[in-house]
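**Q** Have a peek at entry-v8.txt (compact mmCIF, N, CA and C atoms and all ligand atoms).
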```
# COMPACT_ATOMS: atom_id res chain seq x y z
N MET A 7 3.05 -17.63 39.09
CA MET A 7 2.13 -16.85 38.24
C MET A 7 2.20 -15.37 38.60
N GLY A 8 2.78 -14.59 37.80
CA GLY A 8 2.83 -13.16 38.07
C GLY A 8 1.61 -12.48 37.48
N SER A 9 1.23 -11.39 38.09
CA SER A 9 0.08 -10.68 37.53
C SER A 9 0.54 -9.86 36.33
N PHE A 10 -0.39 -9.65 35.43
CA PHE A 10 -0.07 -8.90 34.21
C PHE A 10 0.27 -7.46 34.58
N ASN A 11 1.46 -7.07 34.25
CA ASN A 11 1.93 -5.74 34.62
C ASN A 11 1.75 -4.77 33.45
N ARG A 12 0.99 -3.76 33.68
CA ARG A 12 0.72 -2.81 32.61
C ARG A 12 1.78 -1.71 32.50
N MET A 13 2.73 -1.75 33.37
CA MET A 13 3.81 -0.78 33.35
C MET A 13 3.29 0.65 33.20
N PRO A 14 2.67 1.19 34.24
CA PRO A 14 2.03 2.49 34.11
C PRO A 14 3.01 3.61 33.74
N GLY A 15 4.25 3.46 34.07
CA GLY A 15 5.20 4.52 33.76
C GLY A 15 5.50 4.63 32.27
N LYS A 16 5.38 3.52 31.59
CA LYS A 16 5.74 3.48 30.16
C LYS A 16 4.55 3.84 29.29
N SER A 17 4.80 4.60 28.26
CA SER A 17 3.70 4.91 27.37
C SER A 17 3.49 3.74 26.42
N GLY A 18 2.28 3.32 26.33
CA GLY A 18 1.98 2.22 25.43
C GLY A 18 0.52 2.27 25.06
N ARG A 19 0.20 1.53 24.05
CA ARG A 19 -1.18 1.53 23.59
C ARG A 19 -1.56 0.13 23.15
N VAL A 20 -2.82 -0.15 23.21
CA VAL A 20 -3.28 -1.42 22.66
C VAL A 20 -3.39 -1.24 21.16
N MET A 21 -2.61 -2.02 20.44
CA MET A 21 -2.55 -1.87 18.99
C MET A 21 -2.78 -3.21 18.31
N THR A 22 -2.94 -3.15 17.02
CA THR A 22 -3.15 -4.37 16.25
C THR A 22 -1.91 -4.65 15.42
N CYS A 23 -1.39 -5.85 15.52
CA CYS A 23 -0.20 -6.22 14.77
C CYS A 23 -0.50 -6.11 13.27
N VAL A 24 0.39 -5.44 12.53
CA VAL A 24 0.13 -5.25 11.11
C VAL A 24 0.33 -6.54 10.32
N ARG A 25 0.94 -7.51 10.92
CA ARG A 25 1.17 -8.77 10.21
C ARG A 25 0.07 -9.79 10.44
N CYS A 26 -0.28 -10.01 11.71
CA CYS A 26 -1.22 -11.11 12.01
C CYS A 26 -2.53 -10.63 12.60
N GLY A 27 -2.61 -9.34 12.90
CA GLY A 27 -3.87 -8.82 13.41
C GLY A 27 -4.07 -9.03 14.90
N LEU A 28 -3.07 -9.57 15.57
CA LEU A 28 -3.16 -9.78 17.01
C LEU A 28 -3.24 -8.43 17.73
N ILE A 29 -4.10 -8.36 18.72
CA ILE A 29 -4.20 -7.14 19.50
C ILE A 29 -3.30 -7.29 20.71
N PHE A 30 -2.39 -6.38 20.87
CA PHE A 30 -1.43 -6.51 21.96
C PHE A 30 -1.05 -5.13 22.49
N TYR A 31 -0.39 -5.14 23.62
CA TYR A 31 0.01 -3.89 24.24
C TYR A 31 1.36 -3.46 23.68
N TYR A 32 1.34 -2.39 22.92
CA TYR A 32 2.51 -1.97 22.17
C TYR A 32 3.20 -0.82 22.86
N THR A 33 4.48 -1.00 23.14
CA THR A 33 5.20 0.06 23.84
C THR A 33 6.38 0.58 23.02
N GLY A 34 6.64 -0.03 21.89
CA GLY A 34 7.83 0.34 21.12
C GLY A 34 7.60 1.54 20.22
N THR A 35 8.51 1.68 19.28
CA THR A 35 8.35 2.70 18.26
C THR A 35 8.46 2.01 16.90
N GLY A 36 8.01 2.68 15.89
CA GLY A 36 8.12 2.11 14.56
C GLY A 36 6.97 1.17 14.25
N ASP A 37 7.25 0.17 13.44
CA ASP A 37 6.21 -0.73 12.98
C ASP A 37 5.54 -1.44 14.15
N VAL A 38 4.24 -1.56 14.05
CA VAL A 38 3.48 -2.26 15.09
C VAL A 38 3.48 -3.75 14.77
N ILE A 39 4.43 -4.44 15.36
CA ILE A 39 4.60 -5.87 15.13
C ILE A 39 4.51 -6.56 16.48
N CYS A 40 3.67 -7.55 16.59
CA CYS A 40 3.55 -8.25 17.87
C CYS A 40 4.79 -9.13 18.09
N PRO A 41 5.02 -9.55 19.34
CA PRO A 41 6.22 -10.35 19.62
C PRO A 41 6.30 -11.63 18.79
N ASN A 42 5.15 -12.20 18.46
CA ASN A 42 5.15 -13.46 17.68
C ASN A 42 5.67 -13.25 16.26
N CYS A 43 5.49 -12.08 15.74
CA CYS A 43 5.82 -11.82 14.34
C CYS A 43 7.18 -11.16 14.17
N ARG A 44 7.76 -10.75 15.25
CA ARG A 44 8.97 -9.94 15.15
C ARG A 44 10.08 -10.64 14.36
N GLU A 45 10.23 -11.93 14.65
CA GLU A 45 11.29 -12.69 13.99
C GLU A 45 11.04 -12.79 12.48
N ALA A 46 9.82 -13.16 12.13
CA ALA A 46 9.45 -13.31 10.72
C ALA A 46 9.59 -11.97 9.99
N ASP A 47 9.23 -10.92 10.68
CA ASP A 47 9.29 -9.60 10.06
C ASP A 47 10.74 -9.20 9.79
N ARG A 48 11.60 -9.56 10.71
CA ARG A 48 13.02 -9.24 10.54
C ARG A 48 13.58 -10.03 9.35
N GLU A 49 13.17 -11.28 9.24
CA GLU A 49 13.62 -12.09 8.12
C GLU A 49 13.15 -11.51 6.79
N ASP A 50 11.89 -11.11 6.77
CA ASP A 50 11.35 -10.49 5.57
C ASP A 50 12.13 -9.23 5.22
N PHE A 51 12.40 -8.47 6.26
CA PHE A 51 13.14 -7.23 6.05
C PHE A 51 14.50 -7.49 5.43
N ASP A 52 15.21 -8.48 5.98
CA ASP A 52 16.53 -8.82 5.45
C ASP A 52 16.45 -9.26 3.99
N ARG A 53 15.44 -10.04 3.69
CA ARG A 53 15.28 -10.52 2.32
C ARG A 53 15.02 -9.36 1.35
N VAL A 54 14.15 -8.47 1.77
CA VAL A 54 13.81 -7.32 0.93
C VAL A 54 15.05 -6.44 0.73
N LYS A 55 15.75 -6.23 1.83
CA LYS A 55 16.92 -5.36 1.77
C LYS A 55 17.99 -5.94 0.83
N GLU A 56 18.19 -7.23 0.97
CA GLU A 56 19.20 -7.89 0.14
C GLU A 56 18.80 -7.86 -1.34
N TYR A 57 17.54 -8.15 -1.59
CA TYR A 57 17.05 -8.15 -2.97
C TYR A 57 17.20 -6.76 -3.58
N PHE A 58 16.89 -5.77 -2.78
CA PHE A 58 16.95 -4.39 -3.27
C PHE A 58 18.39 -3.96 -3.53
N CYS A 59 19.32 -4.47 -2.72
CA CYS A 59 20.75 -4.18 -2.94
C CYS A 59 21.19 -4.70 -4.30
N ARG A 60 20.71 -5.89 -4.64
CA ARG A 60 21.09 -6.50 -5.91
C ARG A 60 20.31 -5.92 -7.07
N ASN A 61 19.08 -5.45 -6.80
CA ASN A 61 18.22 -4.91 -7.85
C ASN A 61 17.72 -3.53 -7.49
N PRO A 62 18.62 -2.56 -7.48
CA PRO A 62 18.22 -1.24 -6.99
C PRO A 62 17.16 -0.55 -7.85
N LYS A 63 16.92 -1.08 -9.03
CA LYS A 63 15.93 -0.43 -9.90
C LYS A 63 14.56 -1.10 -9.84
N SER A 64 14.45 -2.07 -8.94
CA SER A 64 13.18 -2.78 -8.88
C SER A 64 12.15 -1.96 -8.13
N ASN A 65 10.91 -2.30 -8.35
CA ASN A 65 9.84 -1.62 -7.60
C ASN A 65 9.22 -2.59 -6.60
N ILE A 66 8.27 -2.09 -5.84
CA ILE A 66 7.66 -2.89 -4.76
C ILE A 66 7.14 -4.22 -5.28
N ALA A 67 6.42 -4.16 -6.37
CA ALA A 67 5.80 -5.39 -6.89
C ALA A 67 6.87 -6.41 -7.26
N GLU A 68 7.94 -5.96 -7.89
CA GLU A 68 9.02 -6.87 -8.29
C GLU A 68 9.74 -7.45 -7.08
N ILE A 69 9.97 -6.62 -6.10
CA ILE A 69 10.65 -7.09 -4.89
C ILE A 69 9.78 -8.12 -4.17
N ALA A 70 8.50 -7.82 -4.06
CA ALA A 70 7.59 -8.75 -3.40
C ALA A 70 7.59 -10.10 -4.12
N GLU A 71 7.59 -10.03 -5.45
CA GLU A 71 7.58 -11.26 -6.22
C GLU A 71 8.90 -12.01 -6.06
N GLY A 72 10.00 -11.27 -6.10
CA GLY A 72 11.31 -11.89 -6.03
C GLY A 72 11.67 -12.45 -4.65
N THR A 73 11.07 -11.90 -3.62
CA THR A 73 11.42 -12.33 -2.26
C THR A 73 10.35 -13.21 -1.63
N GLY A 74 9.14 -13.14 -2.16
CA GLY A 74 8.04 -13.88 -1.55
C GLY A 74 7.46 -13.14 -0.35
N VAL A 75 7.95 -11.94 -0.10
CA VAL A 75 7.41 -11.12 0.99
C VAL A 75 6.18 -10.39 0.45
N SER A 76 5.20 -10.18 1.29
CA SER A 76 3.98 -9.53 0.81
C SER A 76 4.27 -8.09 0.39
N MET A 77 3.49 -7.61 -0.56
CA MET A 77 3.63 -6.23 -1.04
C MET A 77 3.46 -5.26 0.12
N GLU A 78 2.52 -5.57 0.98
CA GLU A 78 2.21 -4.71 2.11
C GLU A 78 3.45 -4.54 3.00
N ALA A 79 4.11 -5.67 3.31
CA ALA A 79 5.29 -5.60 4.17
C ALA A 79 6.44 -4.90 3.45
N THR A 80 6.62 -5.23 2.18
CA THR A 80 7.69 -4.61 1.41
C THR A 80 7.53 -3.10 1.40
N GLU A 81 6.32 -2.67 1.14
CA GLU A 81 6.05 -1.24 1.09
C GLU A 81 6.32 -0.60 2.45
N ARG A 82 5.93 -1.31 3.50
CA ARG A 82 6.12 -0.79 4.86
C ARG A 82 7.60 -0.57 5.17
N PHE A 83 8.45 -1.52 4.74
CA PHE A 83 9.88 -1.39 5.01
C PHE A 83 10.45 -0.13 4.37
N PHE A 84 9.99 0.15 3.18
CA PHE A 84 10.52 1.34 2.50
C PHE A 84 9.93 2.62 3.07
N ARG A 85 8.66 2.56 3.36
CA ARG A 85 8.00 3.75 3.91
C ARG A 85 8.59 4.15 5.25
N SER A 86 8.97 3.16 6.03
CA SER A 86 9.50 3.47 7.36
C SER A 86 10.91 4.05 7.27
N GLY A 87 11.48 4.03 6.07
CA GLY A 87 12.80 4.62 5.89
C GLY A 87 13.93 3.72 6.35
N ARG A 88 13.63 2.45 6.59
CA ARG A 88 14.67 1.54 7.09
C ARG A 88 15.58 1.08 5.96
N ILE A 89 15.13 1.22 4.75
CA ILE A 89 15.98 0.85 3.62
C ILE A 89 16.26 2.12 2.83
N GLU A 90 17.52 2.37 2.64
CA GLU A 90 17.88 3.57 1.91
C GLU A 90 17.65 3.38 0.42
N MET A 91 17.11 4.38 -0.19
CA MET A 91 16.93 4.28 -1.64
C MET A 91 17.37 5.57 -2.31
N ALA A 92 17.88 5.40 -3.49
CA ALA A 92 18.34 6.56 -4.25
C ALA A 92 17.13 7.38 -4.69
N SER A 93 17.38 8.65 -4.95
CA SER A 93 16.26 9.52 -5.32
C SER A 93 15.65 9.10 -6.66
N ASP A 94 16.44 8.36 -7.46
CA ASP A 94 15.89 7.96 -8.75
C ASP A 94 15.42 6.50 -8.74
N SER A 95 15.22 5.97 -7.54
CA SER A 95 14.76 4.59 -7.47
C SER A 95 13.30 4.50 -7.94
N ASN A 96 12.89 3.30 -8.26
CA ASN A 96 11.53 3.11 -8.77
C ASN A 96 10.58 2.58 -7.71
N ILE A 97 11.05 2.59 -6.47
CA ILE A 97 10.25 2.01 -5.40
C ILE A 97 8.85 2.60 -5.36
N PHE A 98 8.80 3.90 -5.31
CA PHE A 98 7.49 4.51 -5.32
C PHE A 98 7.32 5.30 -6.59
N THR A 99 6.35 4.94 -7.35
CA THR A 99 5.98 5.78 -8.46
C THR A 99 4.86 6.65 -7.95
N ARG A 100 4.56 7.67 -8.70
CA ARG A 100 3.49 8.54 -8.24
C ARG A 100 2.29 8.44 -9.16
N CYS A 101 1.14 8.53 -8.56
CA CYS A 101 -0.09 8.51 -9.34
C CYS A 101 -0.06 9.68 -10.31
N GLU A 102 -0.38 9.43 -11.55
CA GLU A 102 -0.31 10.49 -12.56
C GLU A 102 -1.39 11.52 -12.38
N ARG A 103 -2.36 11.19 -11.55
CA ARG A 103 -3.48 12.09 -11.40
C ARG A 103 -3.37 12.92 -10.12
N CYS A 104 -3.12 12.28 -8.99
CA CYS A 104 -3.12 13.03 -7.73
C CYS A 104 -1.72 13.07 -7.08
N HIS A 105 -0.74 12.44 -7.71
CA HIS A 105 0.67 12.45 -7.26
C HIS A 105 0.88 11.79 -5.91
N LYS A 106 -0.02 10.93 -5.54
CA LYS A 106 0.16 10.14 -4.34
C LYS A 106 1.16 9.03 -4.66
N GLU A 107 1.98 8.66 -3.68
CA GLU A 107 2.93 7.56 -3.91
C GLU A 107 2.20 6.23 -3.99
N ILE A 108 2.52 5.47 -5.00
CA ILE A 108 1.87 4.17 -5.17
C ILE A 108 2.94 3.12 -5.44
N PRO A 109 2.69 1.87 -5.06
CA PRO A 109 3.70 0.83 -5.24
C PRO A 109 3.95 0.46 -6.70
N SER A 110 2.96 0.54 -7.52
CA SER A 110 3.16 0.19 -8.92
C SER A 110 2.00 0.72 -9.75
N GLY A 111 2.18 0.67 -11.05
CA GLY A 111 1.11 1.11 -11.93
C GLY A 111 1.17 2.60 -12.21
N ARG A 112 0.12 3.13 -12.79
CA ARG A 112 0.09 4.54 -13.16
C ARG A 112 -0.80 5.37 -12.26
N PHE A 113 -1.82 4.74 -11.70
CA PHE A 113 -2.77 5.49 -10.89
C PHE A 113 -3.00 4.79 -9.56
N CYS A 114 -3.30 5.58 -8.53
CA CYS A 114 -3.65 4.99 -7.25
C CYS A 114 -5.04 4.37 -7.34
N THR A 115 -5.39 3.58 -6.34
CA THR A 115 -6.67 2.87 -6.43
C THR A 115 -7.86 3.82 -6.54
N SER A 116 -7.84 4.89 -5.75
CA SER A 116 -9.01 5.76 -5.78
C SER A 116 -9.12 6.45 -7.13
N CYS A 117 -7.96 6.82 -7.72
CA CYS A 117 -8.00 7.45 -9.04
C CYS A 117 -8.43 6.44 -10.09
N THR A 118 -7.96 5.20 -9.95
CA THR A 118 -8.37 4.17 -10.90
C THR A 118 -9.88 4.03 -10.90
N ASN A 119 -10.43 4.00 -9.69
CA ASN A 119 -11.89 3.88 -9.59
C ASN A 119 -12.58 5.10 -10.19
N GLN A 120 -12.02 6.27 -9.86
CA GLN A 120 -12.63 7.49 -10.38
C GLN A 120 -12.55 7.56 -11.89
N LEU A 121 -11.38 7.17 -12.41
CA LEU A 121 -11.21 7.21 -13.85
C LEU A 121 -12.17 6.26 -14.53
N ALA A 122 -12.33 5.09 -13.94
CA ALA A 122 -13.27 4.13 -14.49
C ALA A 122 -14.66 4.74 -14.53
N GLY A 123 -14.99 5.47 -13.45
CA GLY A 123 -16.27 6.14 -13.39
C GLY A 123 -16.38 7.22 -14.46
N ASP A 124 -15.29 7.99 -14.63
CA ASP A 124 -15.27 9.06 -15.63
C ASP A 124 -15.51 8.50 -17.01
N ILE A 125 -14.83 7.40 -17.29
CA ILE A 125 -14.95 6.81 -18.63
C ILE A 125 -16.39 6.37 -18.87
N LYS A 126 -16.95 5.78 -17.83
CA LYS A 126 -18.34 5.34 -17.95
C LYS A 126 -19.25 6.54 -18.19
N GLN A 127 -18.93 7.64 -17.44
CA GLN A 127 -19.75 8.82 -17.57
C GLN A 127 -19.60 9.43 -18.96
N ALA A 128 -18.34 9.49 -19.43
CA ALA A 128 -18.08 10.06 -20.75
C ALA A 128 -18.82 9.24 -21.79
N PHE A 129 -18.78 7.95 -21.60
CA PHE A 129 -19.44 7.05 -22.52
C PHE A 129 -20.94 7.33 -22.53
N ARG A 130 -21.46 7.51 -21.32
CA ARG A 130 -22.89 7.76 -21.20
C ARG A 130 -23.25 9.10 -21.86
N ALA A 131 -22.39 10.12 -21.61
CA ALA A 131 -22.65 11.44 -22.18
C ALA A 131 -22.65 11.35 -23.70
N ASP A 132 -21.70 10.57 -24.20
CA ASP A 132 -21.59 10.35 -25.64
C ASP A 132 -22.87 9.78 -26.20
N ARG A 133 -23.32 8.79 -25.49
CA ARG A 133 -24.52 8.11 -25.96
C ARG A 133 -25.73 9.01 -25.88
N LEU A 134 -25.75 9.84 -24.82
CA LEU A 134 -26.88 10.75 -24.67
C LEU A 134 -26.89 11.74 -25.81
N GLN A 135 -25.64 12.25 -26.10
CA GLN A 135 -25.50 13.20 -27.19
C GLN A 135 -25.96 12.56 -28.49
N GLY A 136 -25.47 11.33 -28.67
CA GLY A 136 -25.84 10.60 -29.87
C GLY A 136 -27.33 10.45 -29.97
N ARG A 137 -27.89 10.16 -28.83
CA ARG A 137 -29.33 9.95 -28.85
C ARG A 137 -30.03 11.25 -29.20
N GLY A 138 -29.45 12.37 -28.68
CA GLY A 138 -30.04 13.66 -28.97
C GLY A 138 -30.01 13.95 -30.46
N MET A 139 -28.89 13.62 -31.09
CA MET A 139 -28.73 13.92 -32.51
C MET A 139 -29.69 13.13 -33.38
N TYR A 140 -29.84 11.91 -32.94
CA TYR A 140 -30.68 11.06 -33.78
C TYR A 140 -32.06 10.89 -33.18
N TYR A 141 -32.33 11.74 -32.25
CA TYR A 141 -33.60 11.60 -31.54
C TYR A 141 -34.78 11.84 -32.47
N ARG A 142 -35.60 10.92 -32.47
CA ARG A 142 -36.83 11.10 -33.27
C ARG A 142 -38.02 10.92 -32.37
N ARG A 143 -38.92 11.81 -32.44
CA ARG A 143 -40.08 11.70 -31.59
C ARG A 143 -40.93 10.53 -32.06
N ARG A 144 -41.22 9.74 -31.06
CA ARG A 144 -42.07 8.60 -31.41
C ARG A 144 -43.51 9.03 -31.32
N GLU A 145 -44.13 8.96 -32.39
CA GLU A 145 -45.55 9.35 -32.38
C GLU A 145 -46.38 8.18 -31.85
N LYS A 146 -47.27 8.60 -31.01
CA LYS A 146 -48.10 7.53 -30.45
C LYS A 146 -49.45 7.49 -31.11
ZN ZN B 201 1.71 -10.48 14.76
ZN ZN B 202 -4.35 9.15 -7.53
```
The structure given in the file should be rewritten as structure tokens.
Ligand SMILES: [Zn+2]
Ligand SMILES: [Zn+2]
**A**
Amino acid sequence: MGSFNRMPGKSGRVMTCVRCGLIFYYTGTGDVICPNCREADREDFDRVKEYFCRNPKSNIAEIAEGTGVSMEATERFFRSGRIEMASDSNIFTRCERCHKEIPSGRFCTSCTNQLAGDIKQAFRADRLQGRGMYYRRREK
């Protein structure tokens, strides 16, 4: 039984595995993957890479669907720069409102929420205006 060696010379941090949520002592670089997930993550990576080679015009959502790899992991592989993509690839589209990179769709989540709010507000303003136009004082 050896004692747990924290390797004081090495820089490391207690991190949470992005795949399974395990808290472990991370000393590497790049994606925070615990030792238990490393193999599965590599397999996912290979699948994504291969799929993307065959379908260079696909986006994150399509790759995730075609490979069975989660969108989160697929996105991570591309974000980390481990898979080369052409400048005209569709991997990341940009939000039409704030130009943040998003995996799919037209707007990022925060803009989607905001837009939904705007529409509701516009609707309300419309109704208020309408009410103003047709406002009749109710005599009591
Ligand atoms: Zn893990
Ligand atoms: Zn946005």
**Q** What do you get as a list of chain:residue names if you pick all residues at most 8 Å from ligand ZN 201 (chain B), counting all atoms listed in the file?
**A** A:Thr22, A:Cys23, A:Val24, A:Arg25, A:Cys26, A:Gly27, A:Leu28, A:Ile29, A:Val38, A:Ile39, A:Cys40, A:Pro41, A:Asn42, A:Cys43, A:Arg44
**Q** At a cut-off of 12 Å and counting only C-alpha atoms and all ligand atoms, what residues surround ligand ZN 202 (chain B)? Please answer as a count of residues only.
**A** 23
**Q** If we count only C-alpha atoms and set the cut-off at 9 Å, which residues sit around Phe58 of chain A, ignoring sequence neighbours fewer than 4 positions away in its own chain? Please answer as a list of chain:residue names.
**A** A:Arg53, A:Val54, A:Pro62, A:Lys63, A:Ser64, A:Asn65, A:Ile69, A:Ile89, A:Met91
**Q** What is the atom CA of Ser86 of chain A to atom CA of Glu45 of chain A distance in Å?
**A**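 Computed distance, atom CA of Ser86 of chain A to atom CA of Glu45 of chain A, equals 17.6 Å.
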**Q** Let me have the centre and edge lengths of the axis-aligned box enclosing all listed atoms of segment 23-39 of chain A with 3 Å padding on every side, in Å to one decimal, as lines of an AutoDock Vina configuration file.
**A**
```
center_x = 2.2
center_y = -4.2
center_z = 17.2
size_x = 18.7
size_y = 19.8
size_z = 20.0
```
**Q** Any chance you could list, as an MDAnalysis selection string, the residues in segment 25-138 of chain A that come up alpha helix (DSSP H) when DSSP is run on the backbone?
**A** chainID A and resid 44:60 66:73 77:85 115:138
